[in-house]
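Single-structure report; data block below.
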Amino acid sequence: MPNRRKFLQTSAAGLAALATGQVAAGPAARPAAVGKPVVISTWDAGLNANLGAWKVLKPGGRALDAVEAGVMVTENEIGCCVGLGGRPDRDGHVTLDACIMDEQFNCGGVAALERIKHPISVARRVMERTPHVLLVGEGAQQFALAQGFPLEPDKLSADAEKDYREWLKTSQYKPVVNVENSGRRVGPVGGKQNHDTIAMLAQDARGNLSGSCTTSGMAYKMRGRVGDSPLIGSGLYVDNAVGAAAATGQGEDVIRIAGASLIVELMRQGLSPKAACKAAIERVARIKGAKARDIQVCFIALNNRGEYGAYALQKGFNYAVQTADGNNTLLDCEYLLP
Ligand code: ASP
C-alpha cells in the first residue's frame, strides 16, 4: 500500500466494512499488507524518524533497534515537543517521558526525566538492565548518569525560552485544540503552546514487532505531571502475536481508556488496525461528551501481518509510513469529529 491513493481506497473499503459490521469478516475487509519490513510514526517529524529506523530495518536489523534509532532522530531535532528542545513545564523545566517495548513483552520507561538528551535510550536501559519497567524523576536521572548518559545544561532552547516568557504573561492552563494550526497543536491556551509526541511502531524482516514513544509532554504542564507517553499500555503497547499501537494527543484521555492496550485487544478480536484505532477514539469521544471538542487524541496501529492504520479525534493529525518498496509517505489521518 505504497501511495496515498491506494491508502484512501483501502480506507474507503474499511469504512464500508464498518457500516455493515463486517470489519473482521474476511480478507476482503482487510487492508492489504505492505510487506516486511515496515515502520510507521506520528506526525510529520515521523518522516525523518522513519529514515533513521530504516537504516536499521533495511539491512535486516531488529525492530527494537529501529524504533530506538528512529525516535532518537526526533529527540535530536530542536522541535517544540520532543527532547530537550521541547517546551517546559509551568515552572520552566523541560521534563521528558519515554517508553519502549519489544516482541517479547520486555518493556521500559522513564518519566519526568530532566537534562538527558535521549530518554528513549534510558528507557531501553531500564528495560534491559533493571528488574523494573518505569523509573521517574530524580531516580531516573541518577540511573541515566550511572549508565554513562551525559548531563546536559539546564537551559531552554531559544524558541522555548521565548514562548515560555510569552506564556508567563497570562499563565493560562487549559488544554485546547488550536484551530489555527488545523488542530495539530494541542496545549494550554495562549501563544504557541502545543504538544506532540513521536511514537513509532515497526515490524522487521523476521516479522517481529517493537514500539517506542518519546515526548516532552504537554507544554506548561503542572510540575510532576506525567502523560500517557511513558506508560506501557497507554502510550504504547506491543503483543507480537497480534500487533502494536501507540498514541499522541491529550495524555490524560489516552490513559483513561488504556488506549494502546485497548487497541491491541481490539485487533486480537479481529479488527483491522484502523478499525481498532477508530473504536478507541469513539470511546474517548463517548467519555468526554461535549468536551471532546477541546482535545485531540490520535492513535496509530500495526498488526503482525504488516497492516497499519490510524484514527484521530479531530482533524489535523498525520503520520508517516515507510514501506519495503522504499516509499516514505506522510498520510492525513481520518478523524471522528466533523
Ligand atoms: N501524549 C503526550 C502527553 O500527553 C503529548 C502529545 O502527544 O502531544 O504528554
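By convention in this document, the chains of the C-alpha cells carry letters A, B, ... by their order, each chain's residues are numbered from 1, and ligands are numbered from 1 in the order they are shown.
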
Counting only C-alpha atoms and all ligand atoms, give me one row per residue of chain A with an atom at most 7 Å from an atom of ligand 1, showing the shortest contact pair and its distance in Å to one decimal, sorted by chain then residue number, as a Markdown table.
| residue | atom | partner | partner_atom_place_in_ligand_line | distance |
| --- | --- | --- | --- | --- |
| A:Val186 | CA | ligand 1 | 8 (O) | 6.7 |
| A:His195 | CA | ligand 1 | 8 (O) | 3.7 |
| A:Asp196 | CA | ligand 1 | 8 (O) | 3.1 |
| A:Thr197 | CA | ligand 1 | 7 (O) | 4.1 |
| A:Thr215 | CA | ligand 1 | 2 (C) | 6.4 |
| A:Ser216 | CA | ligand 1 | 9 (O) | 6.8 |
| A:Gly217 | CA | ligand 1 | 9 (O) | 3.3 |
| A:Met218 | CA | ligand 1 | 9 (O) | 4.7 |
| A:Val226 | CA | ligand 1 | 9 (O) | 6.4 |
| A:Gly227 | CA | ligand 1 | 9 (O) | 4.0 |
| A:Asp228 | CA | ligand 1 | 1 (N) | 5.4 |
| A:Ser229 | CA | ligand 1 | 1 (N) | 5.4 |
| A:Ala247 | CA | ligand 1 | 1 (N) | 6.6 |
| A:Thr248 | CA | ligand 1 | 7 (O) | 3.4 |
| A:Gly249 | CA | ligand 1 | 7 (O) | 3.8 |
| A:Gln250 | CA | ligand 1 | 4 (O) | 4.6 |
| A:Gly251 | CA | ligand 1 | 4 (O) | 3.1 |
| A:Glu252 | CA | ligand 1 | 4 (O) | 6.3 |

Practice task
as JSON, numbers by chain, please: all residues of region 41-242 of chain A that backbone DSSP puts in helix (DSSP H, G or I).
Solution key: {"A": [45, 46, 47, 48, 49, 50, 51, 52, 53, 54, 55, 56, 57, 63, 64, 65, 66, 67, 68, 69, 70, 71, 72, 73, 74, 75, 76, 83, 84, 85, 119, 120, 121, 122, 123, 124, 125, 126, 127, 128, 129, 137, 138, 139, 140, 141, 142, 143, 144, 145, 146, 158, 159, 160, 161, 162, 163, 164, 165, 166, 167, 168, 179, 180, 181]}

Problem - Near-Gly46 (chain A) list (12 Å; only C-alpha atoms; drop same-chain fewer than 2 positions) as a PyMOL selection string - result: chain A and resi 39-44+48-54+67+70-75+77+82+196-201+213-214+300+317-322+328-331

Practice task
Using only C-alpha atoms, determine which residues lie at most 12 Å from region 107-109 of chain A, disregarding the query and same-chain residues fewer than 4 positions distant; provide the list as number ranges by chain.
Solution key: A: 64, 68, 96-103, 113, 118-137, 140, 143-144, 210-215, 226, 228-233, 235-239

Handout entry: Atomic distance CA of Leu262 (chain A) - CA of Ala280 (chain A), expressed in Å with one decimal
Key = 7.0 Å

Exercise for the section: Apply DSSP to the structure's backbone, then extract all residues of region 108-223 of chain A labelled strand (DSSP E) and return them as a list in words. Expected result: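 Checking each residue of region 108-223 of chain A, the strand (DSSP E) ones are Gly108, Gly109, Val110, Ala111, Ala112, Leu113, Leu134, Leu135, Val136, Pro175, Val176, Val177, Val186, Gly187, Pro188, Ile198, Ala199, Met200, Leu201, Ala202, Gln203, Leu209, Ser210, Gly211, Ser212, Cys213, Thr214 and Thr215 of chain A.
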
Dump of C-alpha atoms for the selected residues, as a short mmCIF file (atom, residue, chain, number, x, y, z; two decimals), in the first residue's frame:
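Resulting contents of again-v4.cif:
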data_model
loop_
_atom_site.label_atom_id
_atom_site.label_comp_id
_atom_site.auth_asym_id
_atom_site.auth_seq_id
_atom_site.Cartn_x
_atom_site.Cartn_y
_atom_site.Cartn_z
CA GLY A 108 10.93 0.01 29.96
CA GLY A 109 10.15 3.66 30.53
CA VAL A 110 11.24 6.90 32.12
CA ALA A 111 9.04 9.77 33.25
CA ALA A 112 9.79 13.34 34.27
CA LEU A 113 13.42 12.87 33.30
CA LEU A 134 9.44 2.56 34.95
CA LEU A 135 11.84 5.00 36.64
CA VAL A 136 10.82 8.58 37.34
CA PRO A 175 -5.79 22.23 27.09
CA VAL A 176 -7.47 23.16 23.83
CA VAL A 177 -7.19 22.36 20.16
CA VAL A 186 -2.77 20.98 21.32
CA GLY A 187 -1.94 22.57 24.62
CA PRO A 188 -2.78 25.25 27.09
CA ILE A 198 6.90 10.86 18.37
CA ALA A 199 5.53 7.35 18.64
CA MET A 200 6.89 4.67 16.32
CA LEU A 201 5.88 1.08 15.52
CA ALA A 202 7.98 -1.26 13.39
CA GLN A 203 7.96 -4.79 12.05
CA LEU A 209 7.20 -6.01 16.24
CA SER A 210 8.50 -3.29 18.56
CA GLY A 211 7.43 0.22 19.53
CA SER A 212 8.76 3.42 21.07
CA CYS A 213 7.32 6.68 22.28
CA THR A 214 9.07 9.89 23.43
CA THR A 215 7.91 13.39 24.31
#

Handout entry: Best match for closeness to Pro153 (chain A) among A:Gly85, A:Gly60, A:Gly224, A:Gly326, counting only C-alpha atoms
Key = A:Gly85

Handout entry: Contact residues around Lys221 (chain A) with only C-alpha atoms at 7 Å, ignoring same-chain residues under 2 positions, as number ranges by chain
Key = A: 89-90, 218-219, 223, 225

Exercise for the section: Go through A:Cys298, A:Val264, A:Ala205, A:Leu151 and flag the residue nearest Pro37 (chain A), using only C-alpha atoms for the distances. Expected result: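 Among A:Cys298, A:Val264, A:Ala205, A:Leu151, it is A:Ala205 that comes nearest to Pro37 (chain A).
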
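Considering the residues A:Gly316, A:Pro88, A:Gly139, A:Gly243 and counting only C-alpha atoms, Leu302 (chain A) has its shortest atom-to-atom contact with A:Gly243.
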